[in-house]
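*Asks:* Compact mmCIF, C-alpha atoms, file entry38.txt:
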# COMPACT_ATOMS: atom_id res chain seq x y z
CA MET A 23 -4.85 12.86 -17.46
CA THR A 24 -4.79 9.12 -16.84
CA LYS A 25 -4.29 7.64 -13.40
CA ILE A 26 -1.76 5.49 -11.58
CA ALA A 27 -3.09 2.78 -9.28
CA LEU A 28 -1.19 0.62 -6.81
CA ILE A 29 -2.54 -2.75 -5.67
CA THR A 30 -1.20 -4.75 -2.74
CA GLY A 31 -2.04 -8.44 -2.63
CA ILE A 32 -1.63 -8.52 -6.40
CA THR A 33 -0.87 -12.25 -6.51
CA GLY A 34 -4.12 -13.13 -4.72
CA GLN A 35 -7.62 -13.68 -6.01
CA ASP A 36 -8.89 -10.11 -5.54
CA GLY A 37 -5.68 -8.44 -6.67
CA SER A 38 -5.66 -10.27 -9.98
CA TYR A 39 -9.31 -9.52 -10.74
CA LEU A 40 -8.88 -5.86 -9.77
CA ALA A 41 -5.81 -5.48 -11.98
CA GLU A 42 -7.75 -6.92 -14.91
CA TYR A 43 -10.63 -4.58 -14.18
CA LEU A 44 -8.49 -1.43 -14.08
CA LEU A 45 -6.53 -2.43 -17.19
CA SER A 46 -9.83 -2.90 -19.02
CA ARG A 47 -10.25 0.88 -18.63
CA PRO A 48 -7.18 2.01 -20.67
CA THR A 49 -8.38 5.56 -21.13
CA GLU A 50 -8.46 6.01 -17.35
CA TYR A 51 -5.29 4.24 -16.16
CA GLN A 52 -1.85 4.80 -17.59
CA LEU A 53 -0.25 2.42 -15.10
CA VAL A 54 -1.35 -0.31 -12.70
CA VAL A 55 1.39 -1.41 -10.31
CA GLY A 56 1.08 -4.71 -8.49
CA LEU A 57 2.92 -4.80 -5.18
CA GLN A 58 4.21 -8.18 -4.06
CA ARG A 59 6.29 -9.46 -1.19
CA ARG A 60 9.51 -11.14 -2.23
CA SER A 61 9.25 -14.93 -2.36
CA SER A 62 11.74 -17.67 -3.19
CA THR A 63 9.13 -19.30 -5.41
CA ASN A 64 7.17 -17.86 -8.33
CA ASN A 65 3.67 -17.04 -7.08
CA THR A 66 2.51 -14.82 -9.95
CA SER A 67 0.34 -17.43 -11.69
CA ARG A 68 -2.87 -15.39 -11.23
CA VAL A 69 -1.38 -12.35 -13.02
CA HIS A 70 0.96 -14.13 -15.43
CA HIS A 71 -1.31 -13.22 -18.36
CA LEU A 72 -0.90 -9.52 -17.49
CA LEU A 73 2.89 -9.39 -17.43
CA GLN A 74 3.18 -8.49 -21.12
CA ASN A 75 0.82 -5.56 -20.77
CA PRO A 76 2.90 -2.34 -20.94
CA SER A 77 0.49 -0.65 -18.52
CA PHE A 78 1.11 -3.26 -15.83
CA LYS A 79 4.19 -3.84 -13.73
CA LEU A 80 5.22 -5.60 -10.53
CA GLU A 81 7.20 -4.04 -7.70
CA GLU A 82 8.77 -5.70 -4.67
CA PHE A 83 7.05 -4.48 -1.53
CA ASP A 84 6.44 -5.34 2.13
CA LEU A 85 3.66 -3.44 3.88
CA THR A 86 5.04 -4.37 7.33
CA ASP A 87 8.20 -2.39 6.48
CA SER A 88 7.47 1.33 6.79
CA VAL A 89 10.50 2.25 4.65
CA SER A 90 9.32 -0.02 1.84
CA VAL A 91 5.85 1.53 2.00
CA SER A 92 7.15 5.10 2.02
CA ASN A 93 9.51 4.47 -0.87
CA ILE A 94 6.71 3.11 -3.06
CA ILE A 95 4.30 5.91 -2.20
CA GLU A 96 6.96 8.56 -2.83
CA LYS A 97 8.01 6.96 -6.12
CA TYR A 98 4.55 6.76 -7.69
CA LYS A 99 2.40 9.25 -5.76
CA PRO A 100 -0.55 7.18 -6.96
CA ASP A 101 -4.02 8.47 -7.63
CA GLU A 102 -5.47 5.31 -6.11
CA PHE A 103 -4.11 2.77 -3.65
CA TYR A 104 -5.95 -0.52 -3.11
CA ASN A 105 -4.78 -2.40 -0.04
CA LEU A 106 -5.86 -6.00 -0.58
CA ALA A 107 -2.88 -7.64 1.11
CA ALA A 108 -3.59 -9.57 4.29
CA GLN A 109 -3.04 -12.70 6.27
CA SER A 110 -6.56 -13.69 5.28
CA HIS A 111 -7.08 -17.21 6.59
CA VAL A 112 -9.11 -17.33 9.80
CA ALA A 113 -7.73 -20.67 11.02
CA THR A 114 -4.16 -19.47 10.47
CA SER A 115 -4.87 -16.35 12.51
CA PHE A 116 -5.44 -18.50 15.60
CA LYS A 117 -2.04 -20.11 15.05
CA GLN A 118 -0.24 -16.90 14.05
CA PRO A 119 -1.97 -13.99 15.82
CA VAL A 120 1.12 -11.76 15.95
CA THR A 121 1.85 -12.14 12.24
CA THR A 122 -1.82 -11.53 11.50
CA PHE A 123 -1.78 -8.23 13.43
CA ASN A 124 1.52 -7.12 11.93
CA VAL A 125 0.25 -7.59 8.39
CA ASN A 126 -3.42 -6.68 8.80
CA THR A 127 -3.08 -3.74 11.20
CA THR A 128 0.48 -2.37 11.41
CA GLY A 129 0.71 -2.57 7.63
CA VAL A 130 -2.35 -0.37 7.28
CA ILE A 131 -0.87 2.24 9.64
CA ASN A 132 2.27 2.28 7.47
CA ILE A 133 0.19 2.97 4.37
CA LEU A 134 -1.96 5.64 6.00
CA ASP A 135 1.04 7.52 7.39
CA ALA A 136 2.96 7.35 4.10
CA VAL A 137 -0.03 8.59 2.10
CA LEU A 138 -0.69 11.42 4.55
CA LYS A 139 2.93 12.64 4.49
CA LEU A 140 4.03 11.92 0.93
CA SER A 141 0.95 11.77 -1.30
CA PRO A 142 -2.07 13.40 0.39
CA ASN A 143 -4.15 13.35 -2.81
CA THR A 144 -4.01 9.56 -3.01
CA ARG A 145 -7.36 7.83 -2.57
CA LEU A 146 -7.07 4.71 -0.42
CA TYR A 147 -9.23 1.59 -0.44
CA GLN A 148 -8.92 -0.79 2.52
CA ALA A 149 -10.23 -4.36 2.34
CA SER A 150 -12.35 -4.92 5.43
CA THR A 151 -14.30 -8.12 6.03
CA SER A 152 -17.60 -9.52 7.27
CA GLU A 153 -15.55 -11.47 9.82
CA MET A 154 -15.52 -8.25 11.85
CA PHE A 155 -19.20 -8.88 12.65
CA GLY A 156 -18.42 -12.27 14.15
CA SER A 157 -21.38 -13.36 16.26
CA SER A 158 -23.22 -10.02 15.89
CA TYR A 159 -26.20 -9.33 13.66
CA SER A 160 -29.15 -6.98 13.34
CA VAL A 161 -32.77 -8.14 13.25
CA ASP A 162 -35.51 -6.76 11.04
CA PRO A 163 -38.34 -5.89 13.47
CA LYS A 164 -41.01 -6.66 10.87
CA THR A 165 -39.78 -10.01 9.55
CA GLY A 166 -37.41 -11.19 12.29
CA GLU A 167 -34.76 -11.74 9.60
CA LYS A 168 -31.13 -11.54 10.68
CA TYR A 169 -28.60 -9.51 8.67
CA GLN A 170 -25.49 -7.34 8.86
CA ASP A 171 -25.11 -3.86 7.40
CA GLU A 172 -22.99 -0.75 8.02
CA ASN A 173 -24.84 -0.07 11.29
CA THR A 174 -24.53 -3.55 12.78
CA SER A 175 -22.18 -3.72 15.77
CA PHE A 176 -18.90 -5.60 15.46
CA LYS A 177 -17.95 -8.60 17.58
CA PRO A 178 -15.10 -10.49 15.87
CA GLN A 179 -14.56 -14.14 16.74
CA SER A 180 -10.95 -14.54 15.57
CA PRO A 181 -7.58 -12.74 15.61
CA TYR A 182 -8.13 -12.15 11.90
CA GLY A 183 -11.45 -10.40 12.50
CA ALA A 184 -10.02 -8.38 15.40
CA ALA A 185 -7.03 -7.22 13.36
CA LYS A 186 -9.25 -6.22 10.46
CA LEU A 187 -11.54 -4.31 12.82
CA ALA A 188 -8.59 -2.34 14.17
CA SER A 189 -7.66 -1.35 10.61
CA HIS A 190 -11.28 -0.54 9.81
CA ASN A 191 -11.35 1.89 12.72
CA LEU A 192 -8.02 3.41 11.68
CA ILE A 193 -9.43 4.16 8.24
CA ARG A 194 -12.35 5.97 9.85
CA ILE A 195 -10.06 7.89 12.22
CA TYR A 196 -7.71 9.05 9.45
CA ARG A 197 -10.69 10.05 7.33
CA GLU A 198 -12.39 12.03 10.08
CA GLY A 199 -9.29 13.25 11.94
CA TYR A 200 -6.86 13.98 9.10
CA GLY A 201 -9.15 14.48 6.12
CA ALA A 202 -7.66 11.54 4.21
CA PHE A 203 -9.68 10.13 1.33
CA CYS A 204 -9.87 6.55 2.57
CA CYS A 205 -12.67 4.05 2.71
CA SER A 206 -13.30 0.43 3.61
CA GLY A 207 -15.20 -2.20 1.71
CA ILE A 208 -16.79 -4.60 4.20
CA LEU A 209 -16.71 -7.55 1.85
CA PHE A 210 -18.60 -10.71 2.64
CA ASN A 211 -17.25 -14.07 1.41
CA HIS A 212 -16.33 -13.85 -2.24
CA GLU A 213 -15.09 -16.78 -4.28
CA SER A 214 -13.89 -17.71 -7.74
CA PRO A 215 -11.76 -20.29 -9.56
CA ARG A 216 -8.78 -18.28 -8.27
CA ARG A 217 -9.74 -18.75 -4.62
CA GLY A 218 -6.99 -20.24 -2.46
CA GLU A 219 -7.26 -23.99 -2.06
CA ASN A 220 -7.32 -23.77 1.76
CA PHE A 221 -10.69 -21.96 1.73
CA VAL A 222 -13.70 -24.23 2.09
CA THR A 223 -15.42 -23.44 -1.22
CA ARG A 224 -12.34 -24.08 -3.33
CA LYS A 225 -11.42 -27.07 -1.18
CA ILE A 226 -14.79 -28.58 -2.12
CA THR A 227 -14.65 -27.86 -5.85
CA LYS A 228 -11.02 -28.97 -6.17
CA TRP A 229 -11.76 -32.22 -4.35
CA ILE A 230 -14.72 -32.92 -6.62
CA GLY A 231 -12.59 -32.29 -9.71
CA GLU A 232 -9.93 -34.71 -8.49
CA PHE A 233 -12.57 -37.28 -7.46
CA VAL A 234 -14.27 -37.22 -10.87
CA ARG A 235 -10.92 -37.78 -12.60
CA TRP A 236 -10.00 -40.55 -10.14
CA LYS A 237 -13.24 -42.42 -10.87
CA LYS A 238 -12.15 -42.70 -14.49
CA GLN A 239 -8.78 -44.26 -13.64
CA VAL A 240 -7.99 -47.96 -13.95
CA ASN A 241 -4.49 -48.22 -12.48
CA PRO A 242 -4.01 -49.11 -8.80
CA GLU A 243 -1.07 -46.71 -8.56
CA ASP A 244 -3.49 -43.83 -9.14
CA ASN A 245 -4.34 -43.62 -5.44
CA ILE A 246 -5.07 -40.13 -4.10
CA MET A 247 -4.70 -40.54 -0.37
CA VAL A 248 -4.07 -38.79 2.91
CA GLN A 249 -1.88 -41.19 4.88
CA GLY A 250 -2.84 -42.42 8.34
CA LEU A 251 -6.63 -42.22 8.02
CA PRO A 252 -8.93 -45.01 9.23
CA GLU A 253 -10.19 -47.39 6.54
CA SER A 254 -13.67 -45.84 6.72
CA ASP A 255 -12.27 -42.50 5.54
CA TYR A 256 -11.38 -43.85 2.10
CA ILE A 257 -13.44 -44.40 -1.02
CA TYR A 258 -12.56 -47.63 -2.80
CA GLY A 259 -12.38 -48.06 -6.55
CA PRO A 260 -11.28 -50.63 -9.12
CA ASN A 261 -8.00 -52.50 -8.77
CA ASN A 262 -7.93 -51.82 -5.01
CA SER A 263 -7.36 -48.10 -5.56
CA ARG A 264 -8.30 -45.67 -2.78
CA PHE A 265 -9.29 -42.03 -2.60
CA SER A 266 -9.41 -39.98 0.61
CA LYS A 267 -12.85 -38.60 1.48
CA LEU A 268 -13.48 -34.86 1.60
CA ARG A 269 -12.71 -33.65 5.13
CA LEU A 270 -14.55 -30.56 6.34
CA GLY A 271 -15.53 -28.87 9.59
CA ASN A 272 -18.87 -27.27 10.47
CA LEU A 273 -21.37 -27.83 7.66
CA GLU A 274 -24.14 -25.75 9.27
CA ALA A 275 -22.38 -22.36 9.10
CA PHE A 276 -24.27 -19.77 7.00
CA ARG A 277 -22.29 -17.59 4.58
CA ASP A 278 -23.10 -14.86 2.08
CA TRP A 279 -21.09 -15.99 -0.95
CA GLY A 280 -20.50 -13.81 -4.02
CA TYR A 281 -18.17 -13.70 -7.02
CA ALA A 282 -14.86 -11.89 -6.56
CA GLY A 283 -14.97 -10.59 -10.12
CA ASP A 284 -18.16 -8.68 -9.27
CA TYR A 285 -16.80 -7.31 -6.00
CA VAL A 286 -13.74 -5.54 -7.45
CA ASP A 287 -16.14 -3.29 -9.36
CA ALA A 288 -17.53 -2.13 -6.00
CA MET A 289 -13.99 -1.39 -4.77
CA TRP A 290 -13.36 0.83 -7.77
CA ARG A 291 -16.69 2.63 -7.43
CA MET A 292 -15.87 3.61 -3.83
CA LEU A 293 -12.80 5.56 -4.94
CA GLN A 294 -14.70 7.44 -7.67
CA LEU A 295 -17.08 9.18 -5.25
CA THR A 296 -16.77 12.76 -4.08
CA THR A 297 -16.99 11.80 -0.41
CA PRO A 298 -15.29 8.69 1.03
CA ASP A 299 -17.30 6.25 3.13
CA ASP A 300 -17.52 2.57 4.10
CA TYR A 301 -19.76 0.07 2.34
CA VAL A 302 -20.99 -3.49 2.85
CA VAL A 303 -20.46 -5.52 -0.33
CA CYS A 304 -22.46 -8.75 -0.45
CA THR A 305 -25.21 -10.64 -2.28
CA GLY A 306 -27.89 -10.34 0.38
CA GLU A 307 -28.35 -14.13 0.40
CA THR A 308 -27.05 -16.72 2.83
CA HIS A 309 -26.37 -20.42 2.30
CA THR A 310 -24.95 -23.19 4.46
CA ILE A 311 -21.91 -25.20 3.53
CA LYS A 312 -24.31 -28.13 3.14
CA GLU A 313 -26.14 -26.16 0.47
CA PHE A 314 -22.85 -25.46 -1.30
CA LEU A 315 -22.15 -29.21 -1.23
CA ASP A 316 -25.63 -29.97 -2.59
CA VAL A 317 -25.20 -27.69 -5.60
CA ALA A 318 -21.60 -28.77 -6.24
CA PHE A 319 -22.22 -32.52 -6.13
CA LYS A 320 -25.47 -32.24 -8.10
CA TYR A 321 -23.47 -30.57 -10.88
CA VAL A 322 -21.46 -33.80 -11.33
CA GLY A 323 -24.50 -36.06 -11.00
CA ILE A 324 -24.22 -37.01 -7.32
CA SER A 325 -27.41 -36.48 -5.31
CA ASP A 326 -26.27 -38.07 -2.03
CA TRP A 327 -22.76 -37.03 -0.98
CA SER A 328 -23.03 -38.08 2.67
CA SER A 329 -20.76 -41.11 2.23
CA LEU A 330 -18.07 -38.98 0.53
CA VAL A 331 -17.63 -36.33 3.25
CA VAL A 332 -16.15 -36.62 6.74
CA GLN A 333 -16.64 -33.95 9.40
CA ASP A 334 -13.28 -33.56 11.09
CA PRO A 335 -12.87 -31.66 14.39
CA GLU A 336 -9.51 -30.42 13.09
CA PHE A 337 -11.37 -28.06 10.77
CA TYR A 338 -13.71 -26.54 13.34
CA ARG A 339 -12.87 -22.99 14.46
CA PRO A 340 -12.07 -22.36 18.13
CA ALA A 341 -14.83 -19.71 18.01
CA GLU A 342 -17.29 -20.18 15.17
CA VAL A 343 -19.06 -17.49 13.16
CA ASP A 344 -22.42 -19.15 12.58
CA TYR A 345 -24.36 -16.65 10.49
CA LEU A 346 -23.42 -14.06 7.88
CA LYS A 347 -25.94 -12.39 5.59
CA GLY A 348 -25.23 -8.90 4.35
CA ASP A 349 -27.55 -6.07 3.38
CA ASN A 350 -26.13 -4.21 0.37
CA THR A 351 -28.77 -1.47 0.21
CA LYS A 352 -26.24 1.33 0.74
CA ALA A 353 -23.94 0.02 -2.01
CA LYS A 354 -26.86 -0.21 -4.41
CA GLU A 355 -28.08 3.30 -3.66
CA LYS A 356 -24.78 5.18 -3.31
CA LEU A 357 -22.46 3.19 -5.60
CA GLY A 358 -24.97 1.97 -8.16
CA TRP A 359 -23.52 -1.50 -7.60
CA GLN A 360 -25.13 -4.90 -7.32
CA PRO A 361 -23.85 -8.46 -7.79
CA GLN A 362 -24.17 -10.00 -11.24
CA THR A 363 -23.44 -13.66 -10.45
CA SER A 364 -25.88 -15.97 -8.65
CA PHE A 365 -24.91 -18.54 -6.02
CA ASN A 366 -25.49 -21.47 -8.39
CA GLN A 367 -23.57 -19.75 -11.19
CA LEU A 368 -20.64 -19.19 -8.83
CA VAL A 369 -20.49 -22.83 -7.72
CA GLU A 370 -20.73 -24.05 -11.30
CA MET A 371 -18.03 -21.61 -12.46
CA MET A 372 -15.63 -22.94 -9.85
CA LEU A 373 -16.45 -26.55 -10.67
CA GLN A 374 -16.01 -26.05 -14.40
CA HIS A 375 -12.50 -24.78 -13.69
CA ASP A 376 -11.55 -27.58 -11.29
CA LEU A 377 -13.01 -30.30 -13.50
CA GLN A 378 -10.68 -29.16 -16.30
CA THR A 379 -7.44 -28.78 -14.31
Once more with this new file: its structure as C-alpha cells, please.
*Replies:*
Amino acid sequence: MTKIALITGITGQDGSYLAEYLLSRPTEYQLVVGLQRRSSTNNTSRVHHLLQNPSFKLEEFDLTDSVSVSNIIEKYKPDEFYNLAAQSHVATSFKQPVTTFNVNTTGVINILDAVLKLSPNTRLYQASTSEMFGSSYSVDPKTGEKYQDENTSFKPQSPYGAAKLASHNLIRIYREGYGAFCCSGILFNHESPRRGENFVTRKITKWIGEFVRWKKQVNPEDNIMVQGLPESDYIYGPNNSRFSKLRLGNLEAFRDWGYAGDYVDAMWRMLQLTTPDDYVVCTGETHTIKEFLDVAFKYVGISDWSSLVVQDPEFYRPAEVDYLKGDNTKAKEKLGWQPQTSFNQLVEMMLQHDLQT
C-alpha cells in the first residue's frame, strides 16, 4: 500500500525540496499534497515543475483556521504530515509577534488536535529551529568547544524562536501525553538557490549576481540603486552609472549552514522510525557571515570585498544570536543521516544560480 503525504509550506524552499524527494519514491507515495494559503498572486514558482505530476496536487489551506485544518485531515487521513509552514523570518517576528505566534504556535495546536481526533495513525513532522537555542550552548569539557545538541537548554532571543519553542514543547507533550506519533527536527540554518531573498545568504548571492551583470553594462540608464543613500554607499561605473553597495548587519555572527536538499532527507527518515523522537539536523561546522562573504566573492574573482559592503544598523537584530554550531551525532546514529554538501559547495551552488538569473 502506498502512502499519502501532506506538506504545509509547499511554496517555500523546504516544501519544494521535500515534495521532490517524496515524489522520487513513486513506489512508496501514491499522492503528495501541497497545502498553500490562498494568495492574490501566483507564488508557486518553486513547485511549478511538479504541477503536471499526477501524484502531486495543491490544496488551499490555512493552518491558523482550525476548520480548514480539520477538513484537510479528515479528507485525506494522511500517513504522513510535514508541517513546514511558518512565519520564518526572525526580523519580521519582532515587528509582527502576534502573527508569528498565531502561525507558528496556534497553527501547530490545530494540526495536533485534528490529527488526534480525526486521523490518529498519521505521523507528524514539525519543523523546529536552532533559533530556539538563542544565546545558549553546551561546552565540551575536554576541548572547550561550544555546540548545541538535543540536550542543550533553550533560550530563544526572538519572538520567532519563542513561538517555535512553544510548538516544540507541544509536540513533546502530545507524544508523551497522548501517544501521538510526532517529532521535531531541530534544523540549523539551511540554504539553497530557492532560499528567500530576505535571508542573508541569498541576499549576498543575489547581490553578487546583479553586481557582476552590472559591471558588464555600458548604458548609464542601467543604474541599480537604492534611493536616498549617501554618495559613499554607491559603487560607480562607466558612463556615470551607479550601483548600491551590499547592505548587511552583524558580520561576526556564527552560523551552521547546510543545504536544504540534504535536510529534507532527515525529515523523511524521522517519520520512518518505530519510535518518534526529536533530532538536531546540522553540519557540525560553524562559519561567520564574513566567511560566507569571503567564499562568495572569491568565486567571482574578488579577494577584497570591504569597499563593496556596508554594515547598516537597520539589519542588526534587537537581540542577536551570536553562535550556532550543531552536533548531529544522534541523527547520524539513529537516522543514518549525514549532510552531503560542504559549505563551499553550498555557496557556489547558490552563486551559480544567481549569476545565471
*Asks:* Could you pull the residues within 7 Å of Ile32 of chain A, counting only C-alpha atoms, minus those fewer than 6 positions along the same chain, as a list in words?
*Replies:*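 Those residues are Ser38, Gly56, Leu57 and Gln58 of chain A.
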*Asks:* Tell me which protein, DNA and RNA residues are within 12 Å of Gly280 of chain A, counting only C-alpha atoms, leaving out same-chain ones fewer than 3 positions away, and put them as an NGL selection string.
*Replies:* :A and (209-214 or 217 or 223 or 277 or 283-286 or 303-309 or 347-348 or 350 or 360-369 or 371-372)
*Asks:* Can you work out the spacing between atom CA of Leu346 of chain A and atom CA of Val112 of chain A in Å, to one decimal?
*Replies:* 14.8 Å
*Asks:* May I have the residues within 12 Å of Asp299 of chain A as a count of residues only, using only C-alpha atoms and disregarding those fewer than 4 positions away in the same chain?
*Replies:* 30
*Asks:* Excluding segment 376-379 of chain A and residues on its chain fewer than 2 positions from it, collect all residues at most 6 Å away from it, counting only C-alpha atoms, and give them as an mmCIF file with C-alpha atoms, keeping the file's coordinate frame.
*Replies:*
data_model
loop_
_atom_site.group_PDB
_atom_site.id
_atom_site.type_symbol
_atom_site.label_atom_id
_atom_site.label_comp_id
_atom_site.auth_asym_id
_atom_site.auth_seq_id
_atom_site.Cartn_x
_atom_site.Cartn_y
_atom_site.Cartn_z
ATOM 1 C CA LYS A 228 -11.020 -28.970 -6.170
ATOM 2 C CA GLY A 231 -12.590 -32.290 -9.710
ATOM 3 C CA LEU A 373 -16.450 -26.550 -10.670
ATOM 4 C CA GLN A 374 -16.010 -26.050 -14.400
#
*Asks:* Using all atoms listed in the file, pick whichever of A:Asp162, A:Glu81, A:Glu232, A:Asp171 has the shortest atom-to-atom distance to His375 of chain A.
*Replies:*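 For His375 of chain A, the nearest of the candidates is A:Glu232.
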*Asks:* Quick one: residues within 6 Å of (2.2, 4.8, 1.7) (file frame), counting all atoms listed in the file, please, as a list in words.
*Replies:*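 Final list of nearby residues, as requested, is Val91, Ser92, Ile95, Ile133, Ala136 and Val137 of chain A.
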*Asks:* For each of A:Leu268, A:Ala108, A:Ala184, A:Ile131, take the minimum atom-to-atom distance to Gly156 of chain A, counting only C-alpha atoms, then give the residue where this is smallest.
*Replies:*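 Closest to Gly156 of chain A of all the choices is A:Ala184.
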*Asks:* With distances taken over all atoms listed in the file, which of A:Asp84, A:Lys186, A:Asp101, A:Gly37 is nearest to Tyr51 of chain A?
*Replies:*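 Among A:Asp84, A:Lys186, A:Asp101, A:Gly37, it is A:Asp101 that comes nearest to Tyr51 of chain A.
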*Asks:* Which residues come within 10 Å of segment 319-330 of chain A, counting only C-alpha atoms, excluding same-chain residues fewer than 2 positions away, as a list in words?
*Replies:*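 So the residues in contact are Ile226, Thr227, Ile230, Gly231, Phe233, Val234, Ser254, Asp255, Tyr256, Ile257, Phe265, Ser266, Lys267, Leu268, Arg269, Lys312, Glu313, Phe314, Leu315, Asp316, Val317, Val332, Asn366, Val369, Glu370, Leu373, Gln374 and Leu377 of chain A.
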*Asks:* Which one is closest to Lys99 of chain A: A:His111, A:Lys139, A:Lys238, A:Lys354? Count all atoms listed in the file.
*Replies:*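 Result for the nearest residue to Lys99 of chain A: A:Lys139.
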*Asks:* Which distance in Å separates atom CA of Arg68 of chain A and atom CA of Asn93 of chain A, to one decimal?
*Replies:*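 Between atom CA of Arg68 of chain A and atom CA of Asn93 of chain A the gap is 25.6 Å.
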*Asks:* Using Å and a single decimal, report how far atom CA of Ala113 of chain A sits from atom CA of Gln179 of chain A.
*Replies:*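 About the pair atom CA of Gln179 of chain A and atom CA of Ala113 of chain A: they are 11.0 Å apart.
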